[in-house]
Structures are given as C-alpha cells and as structure tokens.
$ cat start.cif   # mmCIF, C-alpha atoms
data_my_file
loop_
_atom_site.label_atom_id
_atom_site.label_comp_id
_atom_site.auth_asym_id
_atom_site.auth_seq_id
_atom_site.Cartn_x
_atom_site.Cartn_y
_atom_site.Cartn_z
CA VAL A 1 95.55 128.93 107.72
CA SER A 2 98.62 129.39 105.54
CA VAL A 3 100.53 126.11 105.16
CA GLY A 4 103.27 126.87 102.69
CA VAL A 5 104.97 129.22 100.28
CA LEU A 6 107.00 128.52 97.15
CA GLU A 7 108.99 130.88 94.92
CA THR A 8 109.57 130.05 91.26
CA ASN A 9 110.31 132.19 88.21
CA GLY A 10 110.19 135.31 90.37
CA ARG A 11 106.67 134.64 91.62
CA LEU A 12 105.37 133.65 95.03
CA PHE A 13 102.86 130.86 95.43
CA GLY A 14 101.06 130.51 98.73
CA ALA A 15 98.84 127.64 99.80
CA GLN A 16 96.02 127.75 102.29
CA SER A 17 93.65 125.12 103.60
CA SER A 18 90.20 125.94 104.90
CA VAL A 19 87.19 123.94 105.94
CA SER A 20 83.59 125.09 105.86
CA SER A 21 80.68 123.34 107.54
CA GLN A 22 79.18 122.50 104.15
CA SER A 23 81.91 121.35 101.80
CA GLY A 24 85.38 121.31 103.38
CA ASP A 25 87.41 122.89 100.58
CA PHE A 26 91.13 122.86 99.97
CA ILE A 27 92.19 126.25 98.60
CA VAL A 28 95.41 126.92 96.72
CA GLN A 29 96.01 130.64 96.46
CA LEU A 30 98.41 131.80 93.75
CA GLU A 31 99.69 135.29 94.40
CA THR A 32 102.49 137.76 93.90
CA SER A 33 103.97 139.76 96.74
CA ILE A 34 101.69 142.66 95.73
CA HIS A 35 98.22 141.31 95.05
CA LEU A 36 96.17 138.18 94.66
CA LYS A 37 96.35 136.71 91.17
CA ARG A 38 94.20 133.59 91.23
CA LYS A 39 92.46 131.30 93.69
CA LEU A 40 91.78 127.66 92.83
CA LYS A 41 89.40 125.37 94.67
CA LEU A 42 90.79 121.84 94.68
CA GLU A 43 88.36 119.12 95.69
CA LYS A 44 89.06 115.53 96.55
CA PRO A 45 87.43 113.16 94.03
CA ASP A 46 85.03 111.67 96.58
CA GLY A 47 84.14 115.07 98.03
CA LYS A 48 85.88 114.44 101.36
CA PHE A 49 88.85 116.27 102.79
CA ALA A 50 91.43 115.33 105.41
CA PHE A 51 94.25 117.44 106.80
CA GLY A 52 97.73 116.00 106.73
CA ASN A 53 101.27 116.54 105.50
CA PHE A 54 101.40 119.30 102.87
CA MET A 55 104.13 119.62 100.22
CA MET A 56 104.88 121.92 97.30
CA GLN A 57 107.37 121.41 94.48
CA SER A 58 108.19 123.32 91.27
CA LEU A 59 109.30 121.71 88.01
CA PRO A 60 111.87 123.13 85.53
CA THR A 61 109.01 123.70 83.08
CA GLY A 62 107.28 126.07 85.52
CA GLN A 63 104.55 123.68 86.60
CA LEU A 64 103.69 123.43 90.29
CA LEU A 65 102.96 120.33 92.35
CA PHE A 66 100.83 120.38 95.50
CA ALA A 67 100.40 117.26 97.61
CA GLN A 68 98.39 116.58 100.74
CA ASN A 69 97.69 113.11 102.06
CA GLU A 70 96.96 110.96 98.95
CA LEU A 71 96.13 113.85 96.59
CA LEU A 72 98.60 115.23 94.02
CA THR A 73 97.63 118.35 92.08
CA VAL A 74 99.59 119.53 89.03
CA ILE A 75 99.07 123.20 88.16
CA HIS A 76 100.15 124.28 84.68
CA LYS A 77 101.47 127.72 83.75
CA ASP A 78 98.16 128.70 82.13
CA GLY A 79 96.32 128.11 85.42
CA SER A 80 94.71 124.82 84.43
CA TYR A 81 95.20 121.92 86.82
CA ILE A 82 94.47 118.25 87.36
CA THR A 83 94.28 116.30 90.63
CA HIS A 84 95.44 112.68 90.90
CA ASP A 85 94.46 110.29 93.68
CA ILE A 86 97.67 108.35 94.49
CA LYS A 87 95.76 105.98 96.83
CA ASP A 88 98.33 106.31 99.63
CA ARG A 89 99.61 109.15 101.81
CA ILE A 90 102.42 111.04 100.06
CA LEU A 91 105.60 111.50 102.11
CA TRP A 92 108.00 112.75 99.42
CA LEU A 93 107.99 114.60 96.07
CA SER A 94 110.93 115.31 93.76
CA SER A 95 111.31 115.87 90.02
CA GLU A 96 112.95 113.18 87.89
CA SER A 97 112.59 115.06 84.59
CA ASP A 98 110.33 117.65 82.99
CA THR A 99 107.59 115.05 82.68
CA SER A 100 107.96 112.67 85.63
CA ILE A 101 108.39 112.82 89.40
CA TRP A 102 109.29 110.50 92.26
CA ILE A 103 106.64 109.94 94.92
CA GLY A 104 107.48 108.35 98.28
CA LYS A 105 104.44 106.83 100.01
CA GLU A 106 103.50 105.77 103.51
CA SER A 107 102.71 102.10 102.93
CA THR A 108 103.19 101.27 99.24
CA GLY A 109 106.81 102.20 98.62
CA VAL A 110 107.98 104.57 95.90
CA GLU A 111 107.00 105.21 92.30
CA ARG A 112 108.08 107.24 89.29
CA PHE A 113 104.91 109.00 88.16
CA SER A 114 104.25 110.63 84.79
CA ILE A 115 102.53 114.00 84.99
CA VAL A 116 101.75 113.72 81.26
CA ASP A 117 99.44 110.69 81.33
CA GLY A 118 98.96 110.30 85.10
CA ARG A 119 100.40 106.79 85.19
CA SER A 120 103.06 105.06 87.24
CA LYS A 121 106.20 104.16 85.25
CA GLU A 122 108.25 102.40 87.95
CA GLN A 123 107.33 101.05 91.39
CA TYR A 124 109.57 99.67 94.13
CA LEU A 125 109.52 98.55 97.77
CA ALA A 126 105.84 97.81 98.30
CA GLY A 127 105.00 97.78 102.00
CA VAL A 128 107.82 100.20 102.92
CA ALA A 129 107.30 103.85 103.97
CA ILE A 130 109.64 105.93 101.76
CA SER A 131 110.65 109.28 103.25
CA SER A 132 113.04 110.63 100.57
CA VAL A 133 114.57 109.88 97.15
CA LEU A 134 118.00 110.81 95.80
CA ILE A 135 119.40 110.10 92.31
CA ASP A 136 123.20 110.20 92.30
CA SER A 137 125.52 111.32 89.49
CA GLU A 138 125.77 107.77 88.14
CA GLY A 139 122.01 107.26 88.03
CA GLY A 140 121.86 105.15 91.18
CA LYS A 141 118.66 105.52 93.21
CA TRP A 142 118.76 106.00 97.00
CA PHE A 143 115.56 105.56 98.99
CA THR A 144 115.31 106.34 102.71
CA SER A 145 112.58 104.70 104.75
CA LEU A 146 110.75 104.99 108.04
CA GLY A 147 111.65 101.83 109.91
CA SER A 148 113.76 99.96 107.33
CA GLY A 149 116.92 102.00 106.81
CA VAL A 150 118.32 103.00 103.40
CA TYR A 151 117.91 101.21 100.07
CA TYR A 152 120.19 101.60 97.03
CA LEU A 153 119.17 100.56 93.53
CA ALA A 154 122.06 100.52 91.07
CA SER A 155 120.33 98.44 88.40
CA LYS A 156 117.51 96.02 89.14
CA ALA A 157 118.87 94.64 92.41
CA PHE A 158 118.64 96.45 95.75
CA VAL A 159 121.34 96.95 98.37
CA SER A 160 120.00 97.89 101.80
CA TYR A 161 121.58 99.31 104.95
CA SER A 162 120.07 98.99 108.43
CA MET A 163 121.10 99.32 112.08
CA ILE A 164 122.77 95.92 111.76
CA ASP A 165 125.12 97.55 109.23
CA GLY A 166 125.82 100.46 111.56
CA LEU A 167 123.02 102.98 110.89
CA SER A 168 122.31 105.11 113.95
CA GLY A 169 118.52 104.92 113.62
CA ARG A 170 115.72 102.84 112.11
CA ASN A 171 113.76 105.77 110.67
CA VAL A 172 115.90 107.51 108.05
CA GLN A 173 114.66 111.02 107.24
CA SER A 174 117.08 112.25 104.58
CA VAL A 175 120.18 111.49 102.52
CA GLU A 176 122.45 113.90 100.65
CA LEU A 177 125.58 113.68 98.51
CA PHE A 178 128.35 115.95 99.78
CA LYS A 179 131.95 115.89 98.52
CA ASP A 180 131.36 112.50 96.84
CA LYS A 181 130.12 110.87 100.03
CA LEU A 182 126.59 109.95 101.07
CA TYR A 183 125.44 111.47 104.37
CA ILE A 184 122.47 110.01 106.26
CA GLY A 185 120.18 111.63 108.80
CA SER A 186 117.84 109.54 110.94
CA ASP A 187 115.63 109.70 114.02
CA ASN A 188 118.42 110.32 116.51
CA TYR A 189 121.26 112.75 117.16
CA VAL A 190 124.02 111.16 115.01
CA LEU A 191 125.04 112.10 111.45
CA ASP A 192 126.09 108.99 109.50
CA MET A 193 128.19 108.70 106.35
CA LEU A 194 128.43 105.86 103.83
CA GLU A 195 131.94 105.40 102.45
CA GLU A 196 133.17 102.39 100.48
CA GLY A 197 130.16 100.37 101.54
CA ARG A 198 130.59 101.03 105.27
CA ILE A 199 128.53 103.19 107.63
CA LYS A 200 130.55 105.65 109.72
CA HIS A 201 129.31 107.90 112.54
CA VAL A 202 130.51 111.39 111.58
CA LYS A 203 129.20 113.64 114.33
CA SER A 204 127.00 113.41 117.41
CA PHE A 205 124.75 116.31 118.40
CA TYR A 206 123.80 114.76 121.73
CA ASN A 207 124.88 117.74 123.84
CA ASP A 208 122.54 119.99 121.86
CA ASP A 209 119.57 117.76 122.67
CA VAL A 210 118.87 116.91 119.02
CA LYS A 211 116.51 113.96 118.88
CA SER A 212 116.19 113.68 115.10
CA ILE A 213 117.94 114.91 111.93
CA ASN A 214 115.09 115.90 109.63
CA LEU A 215 116.80 117.24 106.50
CA LEU A 216 120.25 117.34 104.88
CA SER A 217 121.08 119.83 102.12
CA SER A 218 124.38 120.48 100.32
CA PHE A 219 125.27 124.05 99.33
CA ASN A 220 127.69 124.32 96.38
CA GLU A 221 129.70 121.37 97.71
CA GLN A 222 131.10 123.74 100.35
CA GLN A 223 128.77 123.22 103.28
CA LEU A 224 126.32 120.57 104.37
CA PHE A 225 123.33 122.00 106.21
CA ILE A 226 121.81 119.77 108.89
CA SER A 227 118.30 120.58 110.02
CA ALA A 228 116.75 119.36 113.28
CA LYS A 229 113.37 120.35 114.65
CA THR A 230 114.41 123.71 116.09
CA ILE A 231 118.13 123.99 115.18
CA MET A 232 120.17 124.14 111.98
CA TYR A 233 123.89 123.29 111.73
CA SER A 234 126.51 123.53 109.00
CA TYR A 235 129.21 120.95 108.40
CA ASN A 236 132.24 121.14 106.09
#
$ encode --input "start.cif" --output "structure tokens"
Amino acid sequence: VSVGVLETNGRLFGAQSSVSSQSGDFIVQLETSIHLKRKLKLEKPDGKFAFGNFMMQSLPTGQLLFAQNELLTVIHKDGSYITHDIKDRILWLSSESDTSIWIGKESTGVERFSIVDGRSKEQYLAGVAISSVLIDSEGGKWFTSLGSGVYYLASKAFVSYSMIDGLSGRNVQSVELFKDKLYIGSDNYVLDMLEEGRIKHVKSFYNDDVKSINLLSSFNEQQLFISAKTIMYSYN
C-alpha cells in the first residue's frame, strides 16, 4: 500500500508499507517517475512493526526523513541510512537547520534532535502531545498541542494560550505566520488569530460543516490556505 510521496531535487520518493506473515517489513521505495531506483528494507530495532501515522520530510542538504510511530529513519544522498527509536509516537517533523530537526511527540513533548549524532539537544513540555512547531522571524518557538492549546517560548519562559484566553478549541492542529500575524487552526470550525497578545476569531466555517482545521499554510504572504478534512479554503 502506498502511503506517501515526496519530491526533492527533481526526484520522486515514494514510501510503501507491507507486512508478511514471517517478518512484517517496512519498505521505503526510492524511485523516479520512470523506473525503480532503490528499495530499502527498514526494520524496527526489536523486530516488531506497527502501523501508524506516516510522515516524510526533506532537508536542505538533500537528506530524507521518514517517520512512523516511534521510528525515525534518516536516508543520506548516497543511499545509506540509519533508524532511530525516539521512544514515543512522532506527531510532527520539521527541519531546524541542516543538522537538526524538531520532533513533536504524543506524550513526551517536543525535542530538537541532531541527525549527526542521534542525540536530543533541547526538550520541552514533557507530558504534552505536540502537534506542530513553528519558529518565527525573531527566533520565537510556537508549539501547538492536542488538548493544551498553544505554547510560545521566547527565551526560557513559556507563554501559553488556551480556551480560557479565547482559543476556539482544545486540540490545536496547526499555526502559521501570515502578514505578521499568527493564525491558529484547531479541532473546530473557527480560524483564530493572535494579535497583540489577544485571541481573535477571524472566520467561522460552520455553514460548510467543517469540524476541524487540520493545516494552515501561507503562500508568498498573499494567501493563507486552510485545509479541513475534505475541503481547502484560501484567505487573504
């Protein structure tokens, strides 16, 4: 079963998962649009395999990241790879630099992870499920959570926003900077915006039967794309 596709440096990378009665293998298939180039068999350290959320991410250096459940695999340009056991289900991946990434986890918060030595460099919010990470232009760190709202780390002290502060939902799925304002999408039909420390309700999609805003993405500071389960909107 194909579970994802990623395009980087003009090449297509497809991922497939398959289970046999004997081993239960996770297959990553690297291919071009014309023919199969390489197939890698990635095994969990303890020999077991479990299906779950699958993610792919490319780094500026051309390396590829594949994550499923607690496993993170880094594939280098020469085809060599290494698999790390993060010890918690991975909910989010994003690059912080050429050598480190941010990992949001289901029950142990968020960490900045080095793909060079395989070690955690920063860890925050233990016990919180982190669904996305955003670094703003001033270096501030925004973490969205499932059940605990939005957290902002400007230095070493956190500022948090919850439904008490005006958020429309408890489970925040995504945040995005658009025209110097922070937009927030959560598990309901309302798009929120943070401006001057206050939460504002920007737009309701209730009539379109949108139950959750899953992803926000800015395009050239001209349009904000809002993705729900089966519908996509644009906002400017």
$ closest_residue --input "start.cif" --among "A:Met232, A:Ile226, A:Ile164, A:Val172" --to "Gly147 (chain A)" --atoms "all atoms listed in the file"
A:Val172
$ atom_distance --input "start.cif" --atom1 "CA of Lys121 (chain A)" --atom2 "CA of Ser97 (chain A)"
12.7 Å
$ closest_residue --input "start.cif" --among "A:Asp187, A:Arg198, A:Val175, A:Lys105" --to "Phe225 (chain A)" --atoms "all atoms listed in the file"
A:Val175
$ closest_residue --input "start.cif" --among "A:Ser107, A:Ser160, A:Lys203, A:Leu91" --to "Gln173 (chain A)" --atoms "all atoms listed in the file"
A:Leu91
$ atom_distance --input "start.cif" --atom1 "CA of Asp192 (chain A)" --atom2 "CA of Arg89 (chain A)"
27.6 Å
$ atom_distance --input "start.cif" --atom1 "CA of Leu215 (chain A)" --atom2 "CA of Thr83 (chain A)"
27.6 Å
$ residues_around --input "start.cif" --residues "region 136-141 of chain A" --least-positions-apart "2" --cutoff "6 Å" --atoms "all atoms listed in the file" --output "compact mmCIF listing (two decimals) with C-alpha atoms, in the coordinates of the input"
# COMPACT_ATOMS: atom_id res chain seq x y z
CA LEU A 134 118.00 110.81 95.80
CA TYR A 152 120.19 101.60 97.03
CA LEU A 153 119.17 100.56 93.53
CA ALA A 154 122.06 100.52 91.07
$ resolve_selection --input "start.cif" --expression "the PyMOL selection byres ((chain A and resi 227) around 10)" --output "list in words"
Gly185, Val210, Ser212, Ile213, Asn214, Leu215, Leu216, Ser217, Leu224, Phe225, Ile226, Ala228, Lys229, Thr230, Ile231, Met232, Tyr233 and Ser234 of chain A
$ write_last_selection --input "start.cif" --atoms "C-alpha atoms" --output "compact mmCIF listing (two decimals), keeping the file's coordinate frame"
# COMPACT_ATOMS: atom_id res chain seq x y z
CA GLY A 185 120.18 111.63 108.80
CA VAL A 210 118.87 116.91 119.02
CA SER A 212 116.19 113.68 115.10
CA ILE A 213 117.94 114.91 111.93
CA ASN A 214 115.09 115.90 109.63
CA LEU A 215 116.80 117.24 106.50
CA LEU A 216 120.25 117.34 104.88
CA SER A 217 121.08 119.83 102.12
CA LEU A 224 126.32 120.57 104.37
CA PHE A 225 123.33 122.00 106.21
CA ILE A 226 121.81 119.77 108.89
CA ALA A 228 116.75 119.36 113.28
CA LYS A 229 113.37 120.35 114.65
CA THR A 230 114.41 123.71 116.09
CA ILE A 231 118.13 123.99 115.18
CA MET A 232 120.17 124.14 111.98
CA TYR A 233 123.89 123.29 111.73
CA SER A 234 126.51 123.53 109.00
$ closest_residue --input "start.cif" --among "A:Leu64, A:Val190, A:Ile130, A:Leu59" --to "Ser168 (chain A)" --atoms "all atoms listed in the file"
A:Val190
$ residues_around --input "start.cif" --residues "Glu122 (chain A)" --least-positions-apart "4" --cutoff "8 Å" --atoms "only C-alpha atoms" --output "ChimeraX atom specification"
/A:111-113
$ residues_around --input "start.cif" --residues "region 70-80 of chain A" --least-positions-apart "2" --cutoff "9 Å" --atoms "only C-alpha atoms" --output "list in words"
Arg38, Leu40, Leu42, Lys44, Thr61, Gly62, Gln63, Leu64, Leu65, Phe66, Ala67, Gln68, Ile82, Thr83, His84, Asp85, Ile86, Lys87, Asp88, Arg89, Ile90, Lys105 and Ile115 of chain A
$ resolve_selection --input "start.cif" --expression "the PyMOL selection byres ((chain A and resi 109) around 6)" --output "list in words"
Lys105, Ser107, Thr108, Val110, Tyr124, Leu125, Ala126, Gly127, Val128, Ala129 and Ile130 of chain A
$ axis_aligned_box --input "start.cif" --around "region 58-65 of chain A" --padding-each-side "5 Å" --output "AutoDock Vina command-line options"
--center_x 107.4 --center_y 123.2 --center_z 87.7 --size_x 18.9 --size_y 15.7 --size_z 19.3
$ closest_residue --input "start.cif" --among "A:Leu182, A:Leu167, A:Val133, A:Ala157" --to "His201 (chain A)" --atoms "all atoms listed in the file"
A:Leu167
$ closest_residue --input "start.cif" --among "A:Met163, A:Ile135, A:Trp92, A:Asp98" --to "Ser58 (chain A)" --atoms "all atoms listed in the file"
A:Asp98
$ residues_around --input "start.cif" --residues "Asp180 (chain A)" --least-positions-apart "2" --cutoff "12 Å" --atoms "only C-alpha atoms" --output "list in words"
Asp136, Ser137, Glu138, Glu176, Leu177, Phe178, Leu182, Tyr183, Met193, Leu194, Glu195, Glu196, Ser218, Glu221 and Gln222 of chain A
$ resolve_selection --input "start.cif" --expression "the PyMOL selection byres ((chain A and resi 94) around 8)" --output "short mmCIF file (atom, residue, chain, number, x, y, z; two decimals) with C-alpha atoms, in the coordinates of the input"
data_model
loop_
_atom_site.label_atom_id
_atom_site.label_comp_id
_atom_site.auth_asym_id
_atom_site.auth_seq_id
_atom_site.Cartn_x
_atom_site.Cartn_y
_atom_site.Cartn_z
CA GLN A 57 107.37 121.41 94.48
CA TRP A 92 108.00 112.75 99.42
CA LEU A 93 107.99 114.60 96.07
CA SER A 95 111.31 115.87 90.02
CA GLU A 96 112.95 113.18 87.89
CA ILE A 101 108.39 112.82 89.40
CA TRP A 102 109.29 110.50 92.26
CA ILE A 103 106.64 109.94 94.92
CA VAL A 133 114.57 109.88 97.15
#
